[in-house]
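Visitor: Structure file upload-v4.cif, mmCIF, C-alpha atoms, is pasted below:
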data_run
loop_
_atom_site.label_atom_id
_atom_site.label_comp_id
_atom_site.auth_asym_id
_atom_site.auth_seq_id
_atom_site.Cartn_x
_atom_site.Cartn_y
_atom_site.Cartn_z
CA MET A 1 -34.65 35.84 -3.85
CA SER A 2 -34.34 35.72 -7.61
CA GLU A 3 -32.65 32.47 -8.63
CA SER A 4 -30.08 33.16 -11.31
CA LYS A 5 -29.73 31.14 -14.49
CA GLN A 6 -25.97 30.70 -13.96
CA HIS A 7 -24.34 27.98 -15.98
CA VAL A 8 -22.86 25.08 -14.02
CA ILE A 9 -20.49 23.21 -16.31
CA PRO A 10 -20.62 19.41 -15.80
CA PHE A 11 -17.67 17.75 -14.02
CA LYS A 12 -17.08 15.59 -17.09
CA THR A 13 -16.31 18.67 -19.22
CA TYR A 14 -13.67 19.88 -16.74
CA ALA A 15 -12.14 16.39 -16.56
CA LEU A 16 -11.96 16.18 -20.37
CA ILE A 17 -10.24 19.58 -20.57
CA LEU A 18 -7.74 18.47 -17.90
CA ALA A 19 -6.99 15.30 -19.89
CA ALA A 20 -6.60 17.30 -23.11
CA LEU A 21 -4.22 19.80 -21.46
CA LEU A 22 -2.04 17.06 -19.99
CA ALA A 23 -2.02 15.17 -23.29
CA LEU A 24 -0.98 18.31 -25.20
CA THR A 25 1.83 18.88 -22.66
CA LEU A 26 3.15 15.37 -23.36
CA ILE A 27 2.81 15.88 -27.12
CA THR A 28 4.64 19.22 -27.09
CA TYR A 29 7.50 17.62 -25.12
CA HIS A 30 7.89 14.68 -27.50
CA VAL A 31 7.61 16.84 -30.63
CA ALA A 32 10.37 19.08 -29.21
CA LEU A 33 12.77 16.10 -29.30
CA VAL A 34 12.37 15.77 -33.08
CA ASP A 35 14.28 18.14 -35.35
CA LEU A 36 11.69 19.87 -37.52
CA GLY A 37 13.94 22.78 -38.48
CA PRO A 38 12.07 26.08 -38.35
CA TRP A 39 8.82 24.22 -37.62
CA ASN A 40 9.76 23.32 -34.03
CA ILE A 41 8.90 26.78 -32.77
CA VAL A 42 5.71 26.90 -34.88
CA VAL A 43 4.44 23.58 -33.52
CA ALA A 44 5.32 24.60 -29.95
CA ILE A 45 3.42 27.89 -30.24
CA VAL A 46 0.40 26.30 -31.97
CA ILE A 47 0.12 23.70 -29.17
CA ALA A 48 0.55 26.39 -26.48
CA CYS A 49 -2.16 28.52 -28.13
CA THR A 50 -4.49 25.51 -28.29
CA LYS A 51 -3.97 24.90 -24.56
CA ALA A 52 -4.53 28.58 -23.78
CA VAL A 53 -7.78 28.61 -25.79
CA LEU A 54 -9.04 25.53 -23.92
CA VAL A 55 -8.28 27.21 -20.57
CA VAL A 56 -9.93 30.49 -21.60
CA LEU A 57 -13.06 28.86 -23.08
CA PHE A 58 -13.79 26.31 -20.36
CA PHE A 59 -11.84 26.99 -17.15
CA MET A 60 -12.39 30.73 -17.53
CA HIS A 61 -15.95 30.26 -18.84
CA ALA A 62 -15.48 32.42 -21.94
CA ALA A 63 -17.52 29.88 -23.93
CA TYR A 64 -20.49 30.72 -21.70
CA ALA A 65 -19.80 34.42 -21.21
CA PRO A 66 -21.82 37.22 -22.82
CA ARG A 67 -20.62 38.51 -26.19
CA ARG A 68 -19.43 41.75 -24.59
CA THR A 69 -16.97 39.85 -22.36
CA ARG A 70 -15.74 37.81 -25.31
CA LEU A 71 -15.21 40.98 -27.31
CA VAL A 72 -13.05 42.38 -24.49
CA ILE A 73 -10.96 39.17 -24.44
CA LEU A 74 -10.49 39.33 -28.22
CA ALA A 75 -9.50 42.99 -27.93
CA GLY A 76 -6.73 41.96 -25.52
CA VAL A 77 -5.47 39.28 -27.92
CA PHE A 78 -5.66 41.75 -30.82
CA TRP A 79 -3.60 44.35 -28.91
CA LEU A 80 -0.99 41.73 -28.02
CA LEU A 81 -0.76 40.72 -31.71
CA LEU A 82 -0.28 44.40 -32.63
CA LEU A 83 2.58 44.65 -30.12
CA LEU A 84 4.26 41.48 -31.39
CA GLY A 85 3.36 41.80 -35.08
CA LEU A 86 4.33 45.41 -35.71
CA THR A 87 7.58 45.16 -33.73
CA LEU A 88 8.61 41.99 -35.54
CA ALA A 89 7.63 43.55 -38.88
CA ASP A 90 10.43 46.00 -38.11
CA TYR A 91 13.06 43.61 -36.72
CA LEU A 92 12.53 40.89 -39.32
CA THR A 93 12.86 43.26 -42.28
CA ARG A 94 16.03 45.11 -41.22
CA PRO A 95 19.01 44.65 -43.54
CA PRO A 96 21.81 42.89 -41.59
CA ALA A 97 24.39 45.59 -42.37
CA THR A 98 22.61 48.32 -40.39
CA ASP A 99 21.94 46.00 -37.51
CA SER A 100 23.83 47.22 -34.45
CA ILE A 101 23.16 44.26 -32.15
CA SER A 102 23.85 41.40 -34.52
CA SER A 103 25.67 38.47 -32.93
CA ASN A 104 28.42 38.71 -35.58
CA ASN A 105 29.61 42.20 -34.76
CA ALA A 106 28.94 42.52 -31.05
CA PRO A 107 31.25 45.18 -29.56
CA ALA A 108 34.28 43.52 -28.00
CA ALA A 109 33.63 45.28 -24.70
CA TYR A 110 30.46 43.28 -24.18
CA VAL A 111 32.09 39.91 -24.71
CA ARG A 112 33.56 38.51 -21.54
CA MET B 113 -22.94 45.32 3.93
CA GLU B 114 -24.43 41.86 3.71
CA ARG B 115 -22.89 40.25 0.64
CA THR B 116 -24.38 36.78 0.59
CA GLY B 117 -26.39 36.79 -2.60
CA ALA B 118 -27.15 40.46 -2.18
CA LEU B 119 -27.95 42.36 -5.35
CA LEU B 120 -26.37 45.80 -5.42
CA GLY B 121 -28.55 48.73 -6.43
CA GLN B 122 -26.97 49.53 -9.79
CA PHE B 123 -27.63 46.05 -11.25
CA ARG B 124 -30.80 44.66 -12.80
CA ASP B 125 -30.32 41.12 -11.51
CA LEU B 126 -27.67 38.76 -10.13
CA ASP B 127 -26.66 37.55 -13.58
CA GLN B 128 -25.93 41.05 -14.78
CA GLN B 129 -23.99 41.72 -11.59
CA ARG B 130 -21.93 38.55 -12.05
CA ASP B 131 -21.20 39.30 -15.73
CA THR B 132 -20.11 42.82 -14.85
CA VAL B 133 -17.79 41.66 -12.08
CA ALA B 134 -16.16 39.13 -14.45
CA LEU B 135 -15.84 41.78 -17.16
CA GLY B 136 -13.99 44.04 -14.73
CA MET B 137 -11.60 41.22 -13.92
CA TRP B 138 -10.99 40.62 -17.62
CA VAL B 139 -10.08 44.28 -18.12
CA PHE B 140 -7.46 43.87 -15.37
CA LEU B 141 -6.20 40.69 -17.03
CA LEU B 142 -5.78 42.57 -20.34
CA THR B 143 -3.28 44.86 -18.59
CA GLU B 144 -1.52 41.71 -17.39
CA ILE B 145 -1.47 40.34 -20.95
CA MET B 146 0.28 43.51 -22.11
CA PHE B 147 2.68 43.38 -19.14
CA PHE B 148 3.82 39.83 -19.88
CA GLY B 149 3.50 40.52 -23.62
CA GLY B 150 6.32 43.04 -23.41
CA MET B 151 8.61 40.43 -21.87
CA PHE B 152 7.63 37.81 -24.46
CA LEU B 153 8.41 40.37 -27.17
CA THR B 154 11.84 41.10 -25.66
CA TYR B 155 12.51 37.36 -25.51
CA THR B 156 11.49 36.92 -29.16
CA ILE B 157 13.72 39.75 -30.42
CA TYR B 158 16.81 38.55 -28.53
CA ARG B 159 16.15 34.97 -29.55
CA LEU B 160 16.11 36.08 -33.20
CA LYS B 161 19.40 37.94 -32.65
CA PHE B 162 21.22 35.22 -30.72
CA PRO B 163 19.63 31.89 -31.67
CA HIS B 164 22.76 29.90 -30.85
CA ALA B 165 23.31 31.44 -27.42
CA PHE B 166 19.62 31.02 -26.56
CA ALA B 167 19.78 27.35 -27.52
CA GLU B 168 22.83 26.92 -25.28
CA GLY B 169 21.07 28.64 -22.38
CA SER B 170 17.87 26.70 -22.95
CA ARG B 171 19.69 23.37 -22.77
CA GLU B 172 20.95 24.26 -19.27
CA LEU B 173 17.35 24.22 -17.99
CA ASP B 174 15.92 21.15 -16.29
CA VAL B 175 13.20 20.03 -18.70
CA VAL B 176 11.98 17.27 -16.35
CA LYS B 177 11.34 19.75 -13.53
CA GLY B 178 9.76 22.20 -16.00
CA GLY B 179 7.48 19.55 -17.48
CA TRP B 180 6.49 18.22 -14.08
CA ASN B 181 5.67 21.77 -12.97
CA THR B 182 3.54 22.31 -16.08
CA ALA B 183 1.43 19.28 -15.15
CA VAL B 184 1.18 20.45 -11.52
CA LEU B 185 0.02 23.92 -12.57
CA ILE B 186 -2.55 22.52 -15.01
CA ALA B 187 -3.86 20.28 -12.22
CA SER B 188 -4.12 23.34 -9.93
CA SER B 189 -6.16 25.13 -12.61
CA PHE B 190 -8.44 22.08 -12.73
CA THR B 191 -9.03 22.14 -8.94
CA MET B 192 -9.58 25.92 -9.11
CA ALA B 193 -12.20 25.52 -11.84
CA LEU B 194 -13.90 22.87 -9.70
CA ALA B 195 -13.76 25.25 -6.70
CA VAL B 196 -15.76 27.84 -8.64
CA ARG B 197 -18.20 25.06 -9.55
CA ALA B 198 -18.51 24.07 -5.88
CA ALA B 199 -19.32 27.69 -4.99
CA GLN B 200 -21.97 27.73 -7.73
CA MET B 201 -23.50 24.61 -6.25
CA ARG B 202 -23.21 26.07 -2.71
CA LYS B 203 -21.12 23.21 -1.34
CA ARG B 204 -19.04 24.82 1.41
CA LYS B 205 -16.85 21.87 2.42
CA LEU B 206 -16.10 20.89 -1.17
CA LEU B 207 -15.23 24.50 -1.97
CA CYS B 208 -12.78 24.64 0.95
CA ILE B 209 -11.16 21.31 0.03
CA LEU B 210 -10.70 22.40 -3.59
CA LEU B 211 -9.28 25.81 -2.66
CA ALA B 212 -6.83 24.08 -0.27
CA SER B 213 -5.88 21.59 -3.02
CA THR B 214 -5.19 24.46 -5.40
CA MET B 215 -2.97 26.10 -2.75
CA ILE B 216 -1.04 22.86 -2.19
CA LEU B 217 -0.47 22.32 -5.93
CA GLY B 218 0.64 25.96 -6.28
CA GLY B 219 3.00 25.39 -3.35
CA VAL B 220 4.48 22.31 -5.04
CA PHE B 221 5.10 24.39 -8.17
CA LEU B 222 6.89 27.10 -6.17
CA GLY B 223 8.89 24.46 -4.29
CA VAL B 224 10.15 22.89 -7.51
CA LYS B 225 10.91 26.40 -8.82
CA TYR B 226 12.99 27.04 -5.68
CA PHE B 227 15.14 23.96 -6.37
CA GLU B 228 15.52 24.99 -10.02
CA TYR B 229 16.70 28.45 -9.00
CA ALA B 230 19.09 26.98 -6.41
CA GLN B 231 20.57 24.79 -9.13
CA LYS B 232 21.16 27.85 -11.34
CA PHE B 233 23.02 29.58 -8.49
CA GLU B 234 25.16 26.47 -7.95
CA HIS B 235 26.01 26.26 -11.66
CA HIS B 236 26.91 29.99 -11.82
CA LEU B 237 24.16 30.65 -14.35
CA VAL B 238 22.68 33.67 -12.56
CA PRO B 239 23.48 36.86 -14.54
CA GLY B 240 25.91 39.18 -12.81
CA PRO B 241 29.52 39.04 -11.56
CA ASP B 242 29.09 35.39 -10.54
CA PHE B 243 28.01 34.25 -13.99
CA HIS B 244 30.43 31.79 -15.47
CA MET B 245 30.26 29.80 -18.67
CA SER B 246 33.09 28.64 -20.90
CA ALA B 247 31.15 29.12 -24.13
CA PRO B 248 32.51 31.82 -26.50
CA ASP B 249 29.16 33.62 -26.56
CA ALA B 250 28.71 33.55 -22.80
CA ALA B 251 27.70 37.22 -22.78
CA GLN B 252 24.71 36.43 -24.97
CA VAL B 253 23.81 33.37 -22.91
CA GLN B 254 23.66 35.76 -19.98
CA ILE B 255 20.91 37.66 -21.81
CA PHE B 256 18.96 34.41 -22.04
CA PHE B 257 19.29 33.88 -18.30
CA SER B 258 18.35 37.49 -17.54
CA LEU B 259 15.12 36.91 -19.45
CA TYR B 260 14.67 33.48 -17.88
CA PHE B 261 14.82 34.96 -14.38
CA ALA B 262 12.75 38.03 -15.27
CA MET B 263 9.96 36.00 -16.85
CA THR B 264 9.82 33.02 -14.49
CA GLY B 265 10.43 35.39 -11.55
CA MET B 266 7.48 37.62 -12.46
CA HIS B 267 5.43 34.48 -13.00
CA ALA B 268 6.45 33.11 -9.59
CA LEU B 269 5.60 36.47 -7.98
CA HIS B 270 2.13 36.22 -9.50
CA MET B 271 1.87 32.70 -8.06
CA ILE B 272 2.86 33.95 -4.58
CA ILE B 273 0.23 36.71 -4.79
CA GLY B 274 -2.22 34.04 -5.97
CA GLU B 275 -1.41 31.88 -2.92
CA GLY B 276 -2.22 34.82 -0.62
CA MET B 277 -5.46 35.40 -2.51
CA LEU B 278 -6.37 31.69 -2.20
CA LEU B 279 -5.72 31.80 1.55
CA ALA B 280 -8.10 34.75 1.93
CA LEU B 281 -10.71 32.99 -0.22
CA LEU B 282 -10.30 29.83 1.87
CA ILE B 283 -10.86 31.69 5.16
CA TYR B 284 -13.97 33.46 3.89
CA SER B 285 -15.26 30.29 2.25
CA TRP B 286 -14.84 28.41 5.54
CA ARG B 287 -17.08 31.04 7.16
CA GLY B 288 -19.68 30.35 4.45
CA LYS B 289 -19.41 33.70 2.76
CA TYR B 290 -19.36 32.37 -0.81
CA THR B 291 -21.91 29.57 -0.66
CA GLY B 292 -25.04 31.68 -0.32
CA GLY B 293 -25.32 32.62 -3.99
CA TYR B 294 -22.63 35.33 -4.02
CA PHE B 295 -19.22 34.04 -5.09
CA ALA B 296 -17.75 36.74 -7.36
CA PRO B 297 -14.40 36.78 -5.47
CA VAL B 298 -14.00 33.01 -6.01
CA GLU B 299 -14.83 33.41 -9.69
CA ASN B 300 -12.40 36.32 -10.13
CA GLY B 301 -9.75 34.51 -8.13
CA GLY B 302 -10.23 31.64 -10.56
CA LEU B 303 -9.79 33.94 -13.56
CA TYR B 304 -6.53 35.25 -12.07
CA TRP B 305 -5.22 31.76 -11.29
CA HIS B 306 -6.03 30.48 -14.79
CA PHE B 307 -4.33 33.51 -16.33
CA VAL B 308 -1.12 32.73 -14.42
CA ASP B 309 -1.45 29.14 -15.67
CA ILE B 310 -1.68 30.39 -19.28
CA VAL B 311 1.49 32.47 -18.87
CA TRP B 312 3.32 29.29 -17.83
CA ILE B 313 1.76 27.36 -20.75
CA PHE B 314 3.73 29.74 -23.03
CA LEU B 315 6.85 30.03 -20.85
CA PHE B 316 7.42 26.27 -20.70
CA PRO B 317 7.81 25.58 -24.46
CA LEU B 318 9.59 28.88 -25.18
CA LEU B 319 12.20 28.57 -22.41
CA TYR B 320 12.60 24.79 -21.97
CA LEU B 321 11.54 23.06 -25.17
CA VAL B 322 12.16 24.86 -28.45
CA ASP B 323 15.91 24.12 -28.61
CA LEU B 324 15.77 20.62 -27.15
CA HIS B 325 16.30 18.89 -30.52
CA ARG B 326 19.55 20.69 -31.37
#
When written as structure tokens, how does the structure in this file appear?
Guide:
Amino acid sequence: MSESKQHVIPFKTYALILAALLALTLITYHVALVDLGPWNIVVAIVIACTKAVLVVLFFMHAAYAPRRTRLVILAGVFWLLLLLGLTLADYLTRPPATDSISSNNAPAAYVR
Amino acid sequence: MERTGALLGQFRDLDQQRDTVALGMWVFLLTEIMFFGGMFLTYTIYRLKFPHAFAEGSRELDVVKGGWNTAVLIASSFTMALAVRAAQMRKRKLLCILLASTMILGGVFLGVKYFEYAQKFEHHLVPGPDFHMSAPDAAQVQIFFSLYFAMTGMHALHMIIGEGMLLALLIYSWRGKYTGGYFAPVENGGLYWHFVDIVWIFLFPLLYLVDLHR
């Protein structure tokens, strides 16, 4: 039987990633208690993305996967950014006056 | 067909077969990214429209339970990653113990989620005729809770499916099916479980944390 050259990641690597993920969870909680104005959401998303990248690279083995697999993963991220980016490019640039679902002029019928 | 380490005809070697199987799983996960992506987009748009109401809704959530669950789910991803490693090293007992640990941690997550949901029913925070809140923008807070239940509900459903998948993997692993060199189902099960973990990694800050300081 042909022995494969599969990559077995050392236990220590997994343990380090676990520690990093738990530490980032604690950090994101404590940062959320501080008022950073508009930066709260930015910090929260940056930390979440960092955690997601750690999971994808090490727990999901993307760091050791062939380039083709990594390209497919990046394509997924790219498509998600298109969905979010292009839609927000619309919503964030609408003048308030033409906005039909603004919180200021919600139709009375919808307010209980 | 004998599937313990067997190389199927269309592949050059076991490595190519393994890479291809993982690639297929990733293509499925991309559809999942787009599925959850749509809900995250909806959340973002409504949050931009009703920042005050979303902050009010967010503060009704139990951040201690949410944070605890985040740690539990990360730990379950850790045991799942180690399970794949055990299969690679052909350690049957270790593989079974780690799969069972992952199932238990997933069960703890769902249990805590059950109590969170029960609390929302008690506090009349479930959208619908029973929803009650004295805030002036209660209608908009209801949108927050609709999204809360849609997103965490779909996530929980994925967890329940994952638990069924883990049970199947555990039974086959116990019979020694995945410790003879062929363990693609364990690896793909791992990819699925980690994906569900990542969804929660984004849900936790967006639903529980971002308005905590207000």
Visitor: Tell me which residues the PyMOL selection byres ((chain A and resi 22-37) around 10) grabs here, as a PyMOL selection string.
Guide: (chain A and resi 16-21+38-48+50-51) or (chain B and resi 175-176+179-180+182-184+186-187+313+316-317+320-326)
Visitor: Find, counting all atoms listed in the file, the residue in A:Leu54, A:Ala62, A:Cys49, A:Leu80 that gets nearest to Tyr14 of chain A.
Guide: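 Distance minimum relative to Tyr14 of chain A lands on A:Leu54.
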Visitor: Please identify all polymer residues within 12 Å of Val56 of chain A, counting only C-alpha atoms, omitting same-chain residues fewer than 6 positions from it, and present them as a PyMOL selection string.
Guide: (chain A and resi 17+49-50+62-65+69-70+73-74+77) or (chain B and resi 138+141+189+193+302-311)
Visitor: With distances taken over all atoms listed in the file, which residue among A:Ala52, A:Leu81, A:Ala89, A:Leu57 lies nearest chain B?
Guide: A:Ala52
Visitor: Between B:Gln129, B:Thr291, B:Gln200, B:Ser170, which one has atoms that come closest to chain A, using all atoms listed in the file?
Guide: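 Closest to chain A of all the choices is B:Gln200.
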Visitor: Please indicate the distance in Å from atom CA of Val8 of chain A to atom CA of Val72 of chain A, rounded to one decimal place.
Guide: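 Going from atom CA of Val8 of chain A over to atom CA of Val72 of chain A, I get 22.5 Å.
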Visitor: Can you measure atom CA of Val298 of chain B to atom CA of Thr13 of chain A for me? One decimal in Å is fine.
Guide: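 Interatomic distance, atom CA of Val298 of chain B to atom CA of Thr13 of chain A: 19.6 Å.
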Visitor: Nearest to chain B among A:Leu86, A:Leu71, A:Met60, A:Pro96, with distances taken over all atoms listed in the file: which residue is it?
Guide: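 When distances to chain B are compared using all atoms listed in the file, the smallest one comes from A:Met60.
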Visitor: Applied to this file, what does the PyMOL selection byres ((chain B and resi 231-244) around 7) return in terms of residues, put as number ranges by chain?
Guide: B: 227-230, 245-246, 254, 257-258
Visitor: Considering only C-alpha atoms, can you say which of B:Met215, B:Leu135, B:Leu185, B:Ala268 comes closest to chain A?
Guide: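 The closest residue to chain A is B:Leu135.
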Visitor: Which one of B:Ile157, B:Leu173, B:Ile272, B:Val224 sits closest to Asp90 of chain A if you count only C-alpha atoms?
Guide: B:Ile157
Visitor: When the PyMOL selection byres ((chain B and resi 147) around 12) is applied to the file above, which residues end up in the set, as an NGL selection string?
Guide: (:A and (76 or 79-80 or 83)) or (:B and (140-146 or 148-154 or 263 or 266-267 or 311))
Visitor: Just the number, please: distance in Å from atom CA of Arg204 of chain B to atom CA of Ala134 of chain B, one decimal.
Guide: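 Separating atom CA of Arg204 of chain B from atom CA of Ala134 of chain B is a distance of 21.6 Å.
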Visitor: Extract, using only C-alpha atoms, all DNA, RNA and protein residues at most 12 Å from Gly276 of chain B, discarding same-chain residues fewer than 2 positions from it, and format them as a list in words.
Guide: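 Final neighbour list, sorted by chain and number: Leu211, Ala212, Thr214, Met215, Gly218, Gly219, Leu269, His270, Met271, Ile272, Ile273, Gly274, Leu278, Leu279, Ala280, Leu281, Leu282, Ile283, Gly301 and Trp305 of chain B.
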